[in-house]
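Here is the structure we will look at.
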Amino acid sequence: MSIRRRGQRHLLAKGSALAAFVTAGWFLLHTGGQPVQAAPQRPTVSPLPGKKAFPGALGFGANAKGGRGGTIMMVTNLNDAGKGSLRACIEAKGPRVCVFRVNGLIRFSERPPVVRNPYLTIAGQTSPGSGITIAHSGGSNGRTPLVIKNTHDVVVRHIRIRPDRPGGNRGSEDTITIENSSNVIIDHVSASWARDELINGYGDNDSITVSNSIFAWGIPSHDKCALLASDPEEGQRFSFINNVCAHNGDRNPDLNFPPHSCVEVVNNVLYNGASRFAEIWESFGGTPVSIVGNSFISGPNTASQAVGIARDTRYSTGKARVYLWDNRFQGGFEQVNSAVRQVQEPTPICALTLQPVDSSTAYSRVLARAGAFPRDAIDDQVIYDIKHSSGRIGQPDPKLPSWDRETPDADSDQDGMSDGWERMVGTNPQRGDPWGDIDGDGVENLEEFLIYREMELGL
Ligand SMILES: [Ca+2]
Ligand SMILES: [Ca+2]
Ligand SMILES: [Ca+2]
Ligand SMILES: [Ca+2]
């Protein structure tokens, strides 16, 4: 029997350090000259047809309608509740877009609102200056600040969720929970300090995308990045793309879906896992998953016996099916455990929804672009830590930055688009026209404005 490794070796200069990355080694086991597994093929790609939530929306949730065509609701204060609050927009009915005329911290003093009514967009990039952070008051009302439950067509972008005070019930305290919902996009969100998972899919979700986000510093001893499925019964389509998981012991991310799911974990940067980075479980019949173009990077907490991509067969009720391509591993941990090799497939179980970029390009792009913009000091620290192999799991004293209140640009007709921008592009600054398409390119005026806002914020 001979063992042959195929794969490339990359050398990247990072400051003064030279970091060696090795792509996911593929071992061909020859028995009597016959390979027992076929070598992996390039990923197959089949983009999702249909209108996207916004230009550049990715993954199985990309067709989420959000609040398109609906009411523009102004968030004019940072109050827990009442007219002009974020809660009022979240709890309203009908298609709606939450547009922010304020910046700073929204601290829910009562139990945080739950997104139950469909067709909602939370457009955090409209907030002036430093953007929006949400947290809770701690104690018995200190529950998950962003819950999307029993609903559909929800888009959340450019929001930070940082519960800086301990809640009263750890089991109810993720930073983001998506439960029994479909067509949801979480994009450019930053989350920290959950006492359960930073992001948790619960129950029967479908067509979900978590993209371009930073999940860092879960609170020990339950420091976990992403439990993408929890107690699922039906197959789910779930995309986890261009994200950072940093300073979380395990579940970076956790993949425990039923068969007939399509799960893609593409182009993420996963840093400083302690015991495990990606975990593939089989409690619900065995997860089909494609893990493509990711970077798995050790940090100060990464144990030498840690595993980059682990299959765990405890409580197995059926075999996982795993497709790996172009993953990079930096550090002295086990890259892919042998149990994964037993269920590895040469082609994706489901075609990817996007053309992945190579893992080193993804690394640079994610470090430059992930998270809510503008980045706050916490995200800046996360990115610094990844670049410098610094930082540790657990923040003994989670502290929010302070923010100066900023004045939003004039928006005379309250359609979410500033007067100055409207004059520049030729929409009417005196008349609500967010859902028109002044340049006829198929992208609504408001979506064009949101892209412009992202550029203003440095994205
Ligand atoms: Ca949870
Ligand atoms: Ca306007
Ligand atoms: Ca207008
Ligand atoms: Ca347009």
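Letters A, B, ... mark the chains of the structure tokens in the order given; residue numbers begin at 1 per chain; ligand numbers begin at 1, in order shown.
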Could you list, as a PyMOL selection string, all residues that come within 8 Å of ligand 4? Count only C-alpha atoms and all ligand atoms. chain A and resi 436-445+447-448
How would you write, as JSON, numbers by chain, the set of residues in segment 56-211 of chain A that DSSP gives as strand (DSSP E)? {"A": [71, 72, 73, 74, 75, 96, 97, 98, 99, 100, 104, 105, 106, 107, 108, 114, 115, 120, 121, 122, 123, 132, 133, 134, 135, 136, 146, 147, 148, 149, 152, 153, 154, 155, 156, 157, 160, 161, 176, 177, 178, 179, 182, 183, 184, 185, 186, 187, 190, 191, 192, 197, 198, 199, 200, 201, 202, 206, 207, 208, 209, 210, 211]}
Selection as a ChimeraX atom specification: residues within 7 Å of ligand 2 by only C-alpha atoms and all ligand atoms: /A:411-419,422,429-430,432
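For the pair atom CA of Asp326 of chain A and atom CA of Pro348 of chain A, the separation is 12.9 Å.
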Which is closer to Thr44 of chain A than all the others in A:Gln355, A:Phe333, A:Leu255, A:Gly84, using only C-alpha atoms? A:Gln355
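Of the residues under consideration (A:Trp193, A:Phe296, A:Trp325, A:Phe54), A:Trp193 shows the shortest atom-to-atom contact distance to Arg160 of chain A when counting only C-alpha atoms.
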Leaving out Asn272 of chain A and any residue of its chain fewer than 5 positions from it, which residues lie within 6 Å of it when counting only C-alpha atoms, given as a list in words? Ala246, His247, Ser298, Gly299, Asn301 and Thr302 of chain A
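The nearest approach to ligand 3 among the residues A:Asn256, A:Asn268, A:Asn428, A:Asn77, with only C-alpha atoms and all ligand atoms taken into account, belongs to A:Asn428.
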Could the residues that lie within 10 Å of ligand 1, counting only C-alpha atoms and all ligand atoms, be listed as an NGL selection string? :A and (144 or 170-178 or 194-202 or 224 or 226-230)
One decimal, Å: what's the distance from atom CA of Glu282 of chain A over to atom CA of Gln342 of chain A, could you say?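 Those two atoms sit 13.5 Å apart.
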Between A:Gln305, A:Ser221, A:Asn117, A:Asn294, smallest distance to Lys93 of chain A by only C-alpha atoms belongs to A:Asn117
Using backbone DSSP assignments, extract all alpha helix (DSSP H) residues from segment 267-367 of chain A; output them as an MDAnalysis selection string. chainID A and resid 338:341 359:367
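Distances from A:Gly426, A:Gly371, A:Pro356, A:Gly69 to Val189 of chain A were compared using only C-alpha atoms, and the smallest one belongs to A:Gly371.
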